[in-house]
file model_31.cif (mmCIF, C-alpha atoms)
data_upload
loop_
_atom_site.group_PDB
_atom_site.id
_atom_site.type_symbol
_atom_site.label_atom_id
_atom_site.label_comp_id
_atom_site.auth_asym_id
_atom_site.auth_seq_id
_atom_site.Cartn_x
_atom_site.Cartn_y
_atom_site.Cartn_z
ATOM 1 C CA MET A 1 106.969 109.238 103.517
ATOM 2 C CA LEU A 2 110.587 110.092 104.271
ATOM 3 C CA GLU A 3 113.413 107.684 103.476
ATOM 4 C CA SER A 4 113.974 107.179 107.210
ATOM 5 C CA GLU A 5 110.341 106.156 107.623
ATOM 6 C CA TYR A 6 110.624 103.555 104.871
ATOM 7 C CA PHE A 7 113.804 102.230 106.478
ATOM 8 C CA GLU A 8 112.041 101.979 109.837
ATOM 9 C CA MET A 9 109.166 100.122 108.182
ATOM 10 C CA ASN A 10 111.622 97.649 106.672
ATOM 11 C CA ARG A 11 113.536 97.277 109.926
ATOM 12 C CA VAL A 12 110.349 96.208 111.727
ATOM 13 C CA GLY A 13 109.550 93.762 108.950
ATOM 14 C CA TRP A 14 113.041 92.276 108.912
ATOM 15 C CA ASP A 15 113.094 91.957 112.699
ATOM 16 C CA LYS A 16 110.005 89.747 112.347
ATOM 17 C CA ARG A 17 111.544 87.811 109.477
ATOM 18 C CA ALA A 18 114.860 87.271 111.249
ATOM 19 C CA ALA A 19 113.128 85.725 114.247
ATOM 20 C CA ALA A 20 111.273 83.299 111.963
ATOM 21 C CA HIS A 21 114.206 82.589 109.643
ATOM 22 C CA PHE A 22 116.483 81.559 112.487
ATOM 23 C CA GLU A 23 114.123 78.645 113.210
ATOM 24 C CA SER A 24 113.260 77.741 109.597
ATOM 25 C CA LYS A 25 114.059 74.652 107.554
ATOM 26 C CA PHE A 26 114.778 77.012 104.643
ATOM 27 C CA TYR A 27 117.932 78.299 106.356
ATOM 28 C CA ASP A 28 118.782 74.951 108.001
ATOM 29 C CA LEU A 29 120.713 76.331 110.942
ATOM 30 C CA PRO A 30 121.483 72.840 112.385
ATOM 31 C CA GLY A 31 123.210 71.908 109.126
ATOM 32 C CA PHE A 32 125.154 75.162 109.136
ATOM 33 C CA LEU A 33 126.275 74.653 112.739
ATOM 34 C CA ALA A 34 127.408 71.154 111.772
ATOM 35 C CA GLY A 35 129.740 72.608 109.150
ATOM 36 C CA GLU A 36 127.703 73.057 105.984
ATOM 37 C CA THR A 37 128.153 76.263 103.981
ATOM 38 C CA SER A 38 125.235 78.562 103.218
ATOM 39 C CA LEU A 39 127.011 79.872 100.106
ATOM 40 C CA ARG A 40 125.778 78.755 96.699
ATOM 41 C CA GLU A 41 127.545 77.520 93.579
ATOM 42 C CA ILE A 42 127.450 80.859 91.742
ATOM 43 C CA GLU A 43 129.259 83.003 94.292
ATOM 44 C CA LEU A 44 131.594 80.190 95.345
ATOM 45 C CA ALA A 45 132.769 79.708 91.762
ATOM 46 C CA GLU A 46 133.009 83.382 90.840
ATOM 47 C CA LEU A 47 134.422 85.028 93.970
ATOM 48 C CA GLY A 48 136.798 82.174 94.675
ATOM 49 C CA ASP A 49 139.604 82.301 97.237
ATOM 50 C CA VAL A 50 139.108 84.734 100.120
ATOM 51 C CA LYS A 51 141.650 83.344 102.583
ATOM 52 C CA GLY A 52 143.436 86.020 104.597
ATOM 53 C CA GLN A 53 141.410 88.854 103.074
ATOM 54 C CA SER A 54 139.139 91.353 104.812
ATOM 55 C CA LEU A 55 135.555 91.100 103.565
ATOM 56 C CA LEU A 56 132.636 93.472 104.041
ATOM 57 C CA HIS A 57 129.219 91.855 103.603
ATOM 58 C CA LEU A 58 126.510 94.468 103.064
ATOM 59 C CA GLN A 59 122.962 93.478 104.118
ATOM 60 C CA CYS A 60 124.091 90.247 105.727
ATOM 61 C CA HIS A 61 120.816 89.223 107.464
ATOM 62 C CA PHE A 62 121.781 86.993 110.422
ATOM 63 C CA GLY A 63 125.221 86.263 109.100
ATOM 64 C CA MET A 64 125.261 82.737 107.721
ATOM 65 C CA ASP A 65 126.906 83.763 104.432
ATOM 66 C CA THR A 66 129.267 86.119 106.263
ATOM 67 C CA LEU A 67 130.343 83.322 108.585
ATOM 68 C CA SER A 68 130.615 80.893 105.670
ATOM 69 C CA TRP A 69 133.209 83.230 104.135
ATOM 70 C CA ALA A 70 134.912 83.397 107.535
ATOM 71 C CA ARG A 71 135.121 79.612 107.518
ATOM 72 C CA LYS A 72 137.011 79.966 104.235
ATOM 73 C CA GLY A 73 139.573 82.208 105.908
ATOM 74 C CA ALA A 74 138.243 85.727 105.377
ATOM 75 C CA VAL A 75 138.179 88.313 108.172
ATOM 76 C CA CYS A 76 134.568 89.422 107.909
ATOM 77 C CA THR A 77 132.354 92.362 108.787
ATOM 78 C CA GLY A 78 128.607 91.979 108.301
ATOM 79 C CA VAL A 79 126.193 94.919 108.129
ATOM 80 C CA ASP A 80 122.409 94.784 108.457
ATOM 81 C CA ILE A 81 119.557 97.098 109.432
ATOM 82 C CA SER A 82 117.848 94.574 111.731
ATOM 83 C CA PRO A 83 119.048 94.466 115.360
ATOM 84 C CA VAL A 84 117.357 91.078 115.777
ATOM 85 C CA ALA A 85 119.348 89.680 112.855
ATOM 86 C CA ILE A 86 122.622 91.238 114.004
ATOM 87 C CA GLN A 87 122.231 89.886 117.543
ATOM 88 C CA LYS A 88 121.684 86.395 116.168
ATOM 89 C CA ALA A 89 124.713 86.800 113.872
ATOM 90 C CA ARG A 90 126.871 87.766 116.848
ATOM 91 C CA GLU A 91 125.624 84.757 118.798
ATOM 92 C CA LEU A 92 126.503 82.458 115.891
ATOM 93 C CA ALA A 93 129.967 83.993 115.513
ATOM 94 C CA GLU A 94 130.648 83.505 119.217
ATOM 95 C CA GLU A 95 129.368 79.933 119.213
ATOM 96 C CA LEU A 96 131.446 79.013 116.158
ATOM 97 C CA LYS A 97 134.512 81.021 117.268
ATOM 98 C CA LEU A 98 134.799 82.727 113.885
ATOM 99 C CA ASN A 99 136.682 85.971 113.229
ATOM 100 C CA SER A 100 133.766 88.250 112.368
ATOM 101 C CA GLU A 101 132.275 91.578 113.394
ATOM 102 C CA PHE A 102 128.621 92.533 112.949
ATOM 103 C CA VAL A 103 127.340 96.108 112.741
ATOM 104 C CA CYS A 104 123.688 97.138 112.987
ATOM 105 C CA THR A 105 123.003 100.057 110.634
ATOM 106 C CA ASP A 106 121.441 100.835 107.285
ATOM 107 C CA VAL A 107 123.879 100.586 104.381
ATOM 108 C CA TYR A 108 124.057 104.313 103.716
ATOM 109 C CA SER A 109 125.128 105.040 107.300
ATOM 110 C CA PHE A 110 127.887 102.426 107.520
ATOM 111 C CA GLN A 111 131.387 103.707 108.127
ATOM 112 C CA ARG A 112 134.496 101.575 108.602
ATOM 113 C CA SER A 113 135.623 101.845 112.232
ATOM 114 C CA GLY A 114 139.313 101.322 111.456
ATOM 115 C CA SER A 115 141.615 103.032 108.992
ATOM 116 C CA ALA A 116 142.202 100.083 106.659
ATOM 117 C CA LEU A 117 139.745 99.526 103.806
ATOM 118 C CA TYR A 118 138.408 96.107 102.805
ATOM 119 C CA ASP A 119 139.908 93.729 100.274
ATOM 120 C CA ILE A 120 136.435 92.517 99.238
ATOM 121 C CA VAL A 121 132.939 93.996 99.328
ATOM 122 C CA PHE A 122 130.234 91.358 98.870
ATOM 123 C CA THR A 123 126.451 91.386 98.616
ATOM 124 C CA SER A 124 123.908 88.874 97.405
ATOM 125 C CA TYR A 125 120.343 87.741 96.682
ATOM 126 C CA GLY A 126 117.555 90.158 97.419
ATOM 127 C CA ALA A 127 119.676 92.926 98.925
ATOM 128 C CA ILE A 128 119.707 96.125 96.871
ATOM 129 C CA CYS A 129 115.932 96.166 96.318
ATOM 130 C CA TRP A 130 115.633 97.561 99.870
ATOM 131 C CA LEU A 131 117.596 100.689 98.908
ATOM 132 C CA PRO A 132 116.112 103.724 97.096
ATOM 133 C CA ASP A 133 119.302 105.171 95.601
ATOM 134 C CA ILE A 134 121.737 102.854 93.847
ATOM 135 C CA THR A 135 124.286 105.652 93.375
ATOM 136 C CA ARG A 136 124.616 106.153 97.136
ATOM 137 C CA TRP A 137 124.956 102.387 97.532
ATOM 138 C CA ALA A 138 127.814 102.327 95.004
ATOM 139 C CA GLU A 139 129.504 105.180 96.877
ATOM 140 C CA VAL A 140 129.417 103.086 100.063
ATOM 141 C CA VAL A 141 130.911 100.152 98.150
ATOM 142 C CA ALA A 142 133.753 102.234 96.732
ATOM 143 C CA GLY A 143 134.290 104.165 99.959
ATOM 144 C CA ASN A 144 134.970 100.962 101.874
ATOM 145 C CA LEU A 145 136.964 99.086 99.224
ATOM 146 C CA ALA A 146 140.743 99.348 98.966
ATOM 147 C CA VAL A 147 142.270 100.242 95.611
ATOM 148 C CA GLY A 148 142.780 96.929 93.832
ATOM 149 C CA GLY A 149 140.115 95.308 96.000
ATOM 150 C CA ARG A 150 137.354 93.132 94.601
ATOM 151 C CA PHE A 151 133.639 93.827 94.481
ATOM 152 C CA TYR A 152 131.097 91.060 93.949
ATOM 153 C CA ILE A 153 127.321 90.902 93.781
ATOM 154 C CA ALA A 154 125.001 88.018 92.916
ATOM 155 C CA ASP A 155 121.373 89.089 92.970
ATOM 156 C CA PHE A 156 117.984 88.316 91.539
ATOM 157 C CA HIS A 157 117.519 89.665 88.032
ATOM 158 C CA SER A 158 115.267 92.711 87.841
ATOM 159 C CA ILE A 159 113.420 91.229 84.848
ATOM 160 C CA TYR A 160 111.484 89.227 87.439
ATOM 161 C CA ASP A 161 110.072 92.482 88.837
ATOM 162 C CA LEU A 162 108.479 93.147 85.457
ATOM 163 C CA LEU A 163 107.061 89.625 85.167
ATOM 164 C CA ALA A 164 105.649 89.939 88.680
ATOM 165 C CA GLY A 165 103.837 93.161 87.808
ATOM 166 C CA TYR A 166 106.262 95.762 89.158
ATOM 167 C CA SER A 167 108.307 98.411 87.403
ATOM 168 C CA TYR A 168 111.527 97.260 85.769
ATOM 169 C CA PHE A 169 113.036 100.719 86.137
ATOM 170 C CA THR A 170 113.684 102.539 89.403
ATOM 171 C CA GLN A 171 110.910 104.790 90.650
ATOM 172 C CA VAL A 172 111.140 107.476 93.325
ATOM 173 C CA GLN A 173 108.254 106.006 95.291
ATOM 174 C CA PRO A 174 108.768 102.400 96.376
ATOM 175 C CA ASP A 175 106.395 99.497 96.010
ATOM 176 C CA VAL A 176 104.885 98.930 99.446
ATOM 177 C CA ASP A 177 103.280 95.547 100.076
ATOM 178 C CA GLU A 178 101.953 93.663 103.062
ATOM 179 C CA GLU A 179 103.976 90.462 102.915
ATOM 180 C CA GLY A 180 104.646 87.322 104.858
ATOM 181 C CA THR A 181 108.048 85.685 104.897
ATOM 182 C CA TYR A 182 109.464 83.456 102.171
ATOM 183 C CA THR A 183 110.314 80.650 104.616
ATOM 184 C CA GLU A 184 107.962 77.788 105.405
ATOM 185 C CA ASN A 185 107.392 78.763 109.054
ATOM 186 C CA GLY A 186 106.046 82.299 108.760
ATOM 187 C CA GLY A 187 102.434 81.386 109.521
ATOM 188 C CA ASP A 188 99.975 84.214 108.995
ATOM 189 C CA GLU A 189 102.231 86.982 110.281
ATOM 190 C CA THR A 190 102.826 89.771 107.780
ATOM 191 C CA ALA A 191 104.599 93.131 107.673
ATOM 192 C CA LYS A 192 104.629 96.166 105.406
ATOM 193 C CA LEU A 193 107.790 96.323 103.309
ATOM 194 C CA ALA A 194 109.076 98.911 100.854
ATOM 195 C CA THR A 195 111.200 97.923 97.832
ATOM 196 C CA TRP A 196 112.751 99.686 94.832
ATOM 197 C CA SER A 197 113.625 98.105 91.470
ATOM 198 C CA HIS A 198 117.115 98.632 90.025
ATOM 199 C CA PRO A 199 117.830 97.441 86.464
ATOM 200 C CA MET A 200 121.218 95.906 85.814
ATOM 201 C CA SER A 201 122.293 98.903 83.722
ATOM 202 C CA SER A 202 121.772 101.235 86.702
ATOM 203 C CA VAL A 203 123.819 98.978 88.974
ATOM 204 C CA ILE A 204 126.692 98.693 86.478
ATOM 205 C CA ASN A 205 126.768 102.408 85.686
ATOM 206 C CA ALA A 206 126.675 103.357 89.368
ATOM 207 C CA LEU A 207 129.679 101.120 90.050
ATOM 208 C CA VAL A 208 131.633 102.394 87.034
ATOM 209 C CA ASN A 209 131.003 105.992 88.063
ATOM 210 C CA VAL A 210 132.623 105.456 91.481
ATOM 211 C CA GLY A 211 135.775 103.812 90.135
ATOM 212 C CA ILE A 212 134.837 100.127 90.032
ATOM 213 C CA GLN A 213 136.190 98.506 86.870
ATOM 214 C CA ILE A 214 133.765 95.787 85.770
ATOM 215 C CA GLU A 215 135.585 92.549 84.998
ATOM 216 C CA ARG A 216 132.673 90.178 84.436
ATOM 217 C CA VAL A 217 128.887 90.240 84.151
ATOM 218 C CA SER A 218 127.003 86.949 84.189
ATOM 219 C CA GLU A 219 123.342 85.990 83.841
ATOM 220 C CA PHE A 220 121.869 82.682 84.950
ATOM 221 C CA PRO A 221 118.635 80.913 83.929
ATOM 222 C CA PHE A 222 118.276 79.413 87.397
ATOM 223 C CA SER A 223 118.097 80.428 91.042
ATOM 224 C CA PRO A 224 119.818 78.560 93.883
ATOM 225 C CA TYR A 225 116.657 79.227 95.911
ATOM 226 C CA ASN A 226 113.101 78.084 95.251
ATOM 227 C CA CYS A 227 111.817 81.557 95.994
ATOM 228 C CA PHE A 228 109.358 82.496 93.241
ATOM 229 C CA GLU A 229 106.029 80.971 92.291
ATOM 230 C CA GLY A 230 106.155 78.423 89.486
ATOM 231 C CA MET A 231 109.824 77.453 89.732
ATOM 232 C CA VAL A 232 110.910 73.952 88.749
ATOM 233 C CA GLU A 233 114.011 72.177 90.106
ATOM 234 C CA ARG A 234 115.382 70.582 86.942
ATOM 235 C CA GLU A 235 118.758 69.868 88.515
ATOM 236 C CA PRO A 236 119.651 69.613 92.233
ATOM 237 C CA GLY A 237 119.795 73.116 93.701
ATOM 238 C CA ARG A 238 118.857 74.845 90.432
ATOM 239 C CA PHE A 239 115.354 76.271 90.153
ATOM 240 C CA TYR A 240 114.122 77.468 86.755
ATOM 241 C CA LEU A 241 111.251 79.716 85.719
ATOM 242 C CA SER A 242 109.764 79.770 82.220
ATOM 243 C CA HIS A 243 107.899 82.510 80.377
ATOM 244 C CA LYS A 244 106.110 81.557 77.151
ATOM 245 C CA GLY A 245 108.226 78.425 76.928
ATOM 246 C CA ASN A 246 111.596 80.104 77.465
ATOM 247 C CA ASP A 247 113.866 80.284 80.509
ATOM 248 C CA VAL A 248 113.814 83.575 82.411
ATOM 249 C CA PRO A 249 117.124 85.095 83.593
ATOM 250 C CA ILE A 250 116.679 84.780 87.345
ATOM 251 C CA VAL A 251 120.115 85.686 88.738
ATOM 252 C CA TYR A 252 122.864 88.004 87.562
ATOM 253 C CA SER A 253 126.306 88.661 88.976
ATOM 254 C CA ILE A 254 128.867 91.441 88.636
ATOM 255 C CA THR A 255 132.546 91.145 89.446
ATOM 256 C CA GLY A 256 134.655 94.290 89.635
ATOM 257 C CA ARG A 257 137.803 95.816 90.991
ATOM 258 C CA LYS A 258 138.409 99.274 92.440
ATOM 259 C CA VAL A 259 140.857 101.140 90.243
ATOM 260 C CA ALA A 260 140.527 104.671 91.616
#
call {"tool": "encode", "arguments": {"input": "model_31.cif", "output": "structure tokens"}}
result
Amino acid sequence: MLESEYFEMNRVGWDKRAAAHFESKFYDLPGFLAGETSLREIELAELGDVKGQSLLHLQCHFGMDTLSWARKGAVCTGVDISPVAIQKARELAEELKLNSEFVCTDVYSFQRSGSALYDIVFTSYGAICWLPDITRWAEVVAGNLAVGGRFYIADFHSIYDLLAGYSYFTQVQPDVDEEGTYTENGGDETAKLATWSHPMSSVINALVNVGIQIERVSEFPFSPYNCFEGMVEREPGRFYLSHKGNDVPIVYSITGRKVA
């Protein structure tokens, strides 16, 4: 299959997921509308103050994290491949009167509409696995980030791919599975989805090669989401997974700054 065909497959799947997620307890939209943040402790602690800064959120789903950053004072742009998700994000932004723009496109095709570049590029949790080429992704990051601007990613550690029976290293052909959604309200509806593994070394090297100076790399033995089979919530909001009696690194984060 062509890359465009895989992207279309994923768009159909994420349109279905977005419709379900909007109504799910997992995302807790009523709580969000009442003022709760959808951001988690890792990214809140590491990215820090965003007030008055322009922020690009790549692969934003239906915009809860994007709008949570907007609530903290950022001027946000969210990008996602799913028109269903983007429409819902726009509806939320209008209802909450938050300064945000949402663009429906795949990551590789995104281009900043104005002349000014962003102060921050942000992405998180289960995002880059939907992209076949991490170098092209890094080029989009750098191409939209102002010199001196910050880059931040918090994502699931690729070691889990290996434990789940997939390749740890990137392969040309994606893993294609018939999957339901990870929320509690998906029922029996499934969709074909294509994913690619990207080890942390590939992500770091891709960023370095496009002029992102890495300032911090962190690994965490817990996930803020109960999203994998066998996880145990040892502390509120922290879900752990063990392998042969030892904690598995479930989340990693990278903080960087564009220097060239």
call {"tool": "closest_atom_pairs", "arguments": {"input": "model_31.cif", "of": "stretch 79-132 of chain A", "to": "stretch 149-163 of chain A", "cutoff": "12 Å", "atoms": "only C-alpha atoms", "output": "JSON lines"}}
result
{"residue": "A:Ala116", "atom": "CA", "partner": "A:Gly149", "partner_atom": "CA", "distance": 11.9}
{"residue": "A:Leu117", "atom": "CA", "partner": "A:Gly149", "partner_atom": "CA", "distance": 8.9}
{"residue": "A:Tyr118", "atom": "CA", "partner": "A:Gly149", "partner_atom": "CA", "distance": 7.1}
{"residue": "A:Asp119", "atom": "CA", "partner": "A:Gly149", "partner_atom": "CA", "distance": 4.6}
{"residue": "A:Ile120", "atom": "CA", "partner": "A:Arg150", "partner_atom": "CA", "distance": 4.8}
{"residue": "A:Val121", "atom": "CA", "partner": "A:Phe151", "partner_atom": "CA", "distance": 4.9}
{"residue": "A:Phe122", "atom": "CA", "partner": "A:Tyr152", "partner_atom": "CA", "distance": 5.0}
{"residue": "A:Thr123", "atom": "CA", "partner": "A:Ile153", "partner_atom": "CA", "distance": 4.9}
{"residue": "A:Ser124", "atom": "CA", "partner": "A:Ala154", "partner_atom": "CA", "distance": 4.7}
{"residue": "A:Tyr125", "atom": "CA", "partner": "A:Asp155", "partner_atom": "CA", "distance": 4.1}
{"residue": "A:Gly126", "atom": "CA", "partner": "A:Asp155", "partner_atom": "CA", "distance": 6.0}
{"residue": "A:Ala127", "atom": "CA", "partner": "A:Asp155", "partner_atom": "CA", "distance": 7.3}
{"residue": "A:Ile128", "atom": "CA", "partner": "A:Asp155", "partner_atom": "CA", "distance": 8.2}
{"residue": "A:Cys129", "atom": "CA", "partner": "A:Ser158", "partner_atom": "CA", "distance": 9.2}
call {"tool": "resolve_selection", "arguments": {"input": "model_31.cif", "expression": "the PyMOL selection byres ((chain A and resi 239-250) around 6)", "output": "VMD selection string"}}
result
chain A and resid 156 to 157 220 to 223 226 231 to 233 238 251
call {"tool": "resolve_selection", "arguments": {"input": "model_31.cif", "expression": "the PyMOL selection byres ((chain A and resi 100-113) around 8)", "output": "PDB file with C-alpha atoms, keeping the file's coordinate frame"}}
result
ATOM      1  CA  PHE A   7     113.804 102.230 106.478  1.00  0.00           C
ATOM      2  CA  LEU A  58     126.510  94.468 103.064  1.00  0.00           C
ATOM      3  CA  GLN A  59     122.962  93.478 104.118  1.00  0.00           C
ATOM      4  CA  THR A  66     129.267  86.119 106.263  1.00  0.00           C
ATOM      5  CA  LEU A  67     130.343  83.322 108.585  1.00  0.00           C
ATOM      6  CA  ALA A  70     134.912  83.397 107.535  1.00  0.00           C
ATOM      7  CA  VAL A  75     138.179  88.313 108.172  1.00  0.00           C
ATOM      8  CA  CYS A  76     134.568  89.422 107.909  1.00  0.00           C
ATOM      9  CA  THR A  77     132.354  92.362 108.787  1.00  0.00           C
ATOM     10  CA  GLY A  78     128.607  91.979 108.301  1.00  0.00           C
ATOM     11  CA  VAL A  79     126.193  94.919 108.129  1.00  0.00           C
ATOM     12  CA  ASP A  80     122.409  94.784 108.457  1.00  0.00           C
ATOM     13  CA  ILE A  81     119.557  97.098 109.432  1.00  0.00           C
ATOM     14  CA  SER A  82     117.848  94.574 111.731  1.00  0.00           C
ATOM     15  CA  PRO A  83     119.048  94.466 115.360  1.00  0.00           C
ATOM     16  CA  ILE A  86     122.622  91.238 114.004  1.00  0.00           C
ATOM     17  CA  ALA A  89     124.713  86.800 113.872  1.00  0.00           C
ATOM     18  CA  ARG A  90     126.871  87.766 116.848  1.00  0.00           C
ATOM     19  CA  ALA A  93     129.967  83.993 115.513  1.00  0.00           C
ATOM     20  CA  LEU A  98     134.799  82.727 113.885  1.00  0.00           C
ATOM     21  CA  ASN A  99     136.682  85.971 113.229  1.00  0.00           C
ATOM     22  CA  GLY A 114     139.313 101.322 111.456  1.00  0.00           C
ATOM     23  CA  SER A 115     141.615 103.032 108.992  1.00  0.00           C
ATOM     24  CA  LEU A 117     139.745  99.526 103.806  1.00  0.00           C
ATOM     25  CA  ARG A 136     124.616 106.153  97.136  1.00  0.00           C
ATOM     26  CA  TRP A 137     124.956 102.387  97.532  1.00  0.00           C
ATOM     27  CA  VAL A 140     129.417 103.086 100.063  1.00  0.00           C
ATOM     28  CA  ASN A 144     134.970 100.962 101.874  1.00  0.00           C
TER      29      ASN A 144
END
call {"tool": "closest_residue", "arguments": {"input": "model_31.cif", "among": "A:Lys25, A:Ala74, A:Asn209, A:Pro199", "to": "A:Leu56", "atoms": "all atoms listed in the file"}}
result
A:Ala74
call {"tool": "residues_around", "arguments": {"input": "model_31.cif", "residues": "A:Glu184", "least_positions_apart": "6", "cutoff": "12 Å", "atoms": "only C-alpha atoms", "output": "PyMOL selection string"}}
result
chain A and resi 17+20-28+226-227
call {"tool": "atom_distance", "arguments": {"input": "model_31.cif", "atom1": "atom CA of A:Leu44", "atom2": "atom CA of A:Trp69"}}
result
9.4 Å
call {"tool": "resolve_selection", "arguments": {"input": "model_31.cif", "expression": "the PyMOL selection byres ((chain A and resi 14) around 10)", "output": "number ranges by chain"}}
result
A: 8-13, 15-21, 61, 80-85, 181, 191-193
call {"tool": "closest_residue", "arguments": {"input": "model_31.cif", "among": "A:Ser197, A:Glu5, A:Thr135, A:Thr37", "to": "A:Gly165", "atoms": "all atoms listed in the file"}}
result
A:Ser197
call {"tool": "atom_distance", "arguments": {"input": "model_31.cif", "atom1": "atom CA of A:Tyr225", "atom2": "atom CA of A:Tyr182"}}
result
10.4 Å
call {"tool": "residues_around", "arguments": {"input": "model_31.cif", "residues": "A:Gln173", "least_positions_apart": "6", "cutoff": "9 Å", "atoms": "all atoms listed in the file", "output": "number ranges by chain"}}
result
A: 1, 132, 195-196
call {"tool": "write_last_selection", "arguments": {"input": "model_31.cif", "atoms": "C-alpha atoms", "output": "JSON list (two decimals), in the frame of the given file"}}
result
[["chain", "number", "residue", "atom", "x", "y", "z"],
["A", 1, "MET", "CA", 106.97, 109.24, 103.52],
["A", 132, "PRO", "CA", 116.11, 103.72, 97.10],
["A", 195, "THR", "CA", 111.20, 97.92, 97.83],
["A", 196, "TRP", "CA", 112.75, 99.69, 94.83]]
call {"tool": "closest_residue", "arguments": {"input": "model_31.cif", "among": "A:Tyr6, A:Phe228, A:Phe62, A:Phe32", "to": "A:Asp177", "atoms": "all atoms listed in the file"}}
result
A:Tyr6
call {"tool": "atom_distance", "arguments": {"input": "model_31.cif", "atom1": "atom CA of A:Leu2", "atom2": "atom CA of A:Ala194"}}
result
11.8 Å
call {"tool": "closest_residue", "arguments": {"input": "model_31.cif", "among": "A:Gly237, A:Ile204, A:Trp130, A:Gly63", "to": "A:Val176", "atoms": "all atoms listed in the file"}}
result
A:Trp130
call {"tool": "axis_aligned_box", "arguments": {"input": "model_31.cif", "around": "stretch 38-51 of chain A", "padding_each_side": "4 Å", "output": "lines of an AutoDock Vina configuration file"}}
result
center_x = 133.4
center_y = 81.3
center_z = 97.0
size_x = 24.4
size_y = 15.5
size_z = 20.4
call {"tool": "closest_residue", "arguments": {"input": "model_31.cif", "among": "A:Gln87, A:Ser38, A:Gln53, A:Gln171", "to": "A:Ser68", "atoms": "all atoms listed in the file"}}
result
A:Ser38
call {"tool": "residues_around", "arguments": {"input": "model_31.cif", "residues": "A:Ser201", "least_positions_apart": "5", "cutoff": "10 Å", "atoms": "only C-alpha atoms", "output": "PyMOL selection string"}}
result
chain A and resi 169+206-207
call {"tool": "closest_residue", "arguments": {"input": "model_31.cif", "among": "A:Val208, A:Ile42, A:Ala34, A:Glu94", "to": "A:Ala142", "atoms": "only C-alpha atoms"}}
result
A:Val208
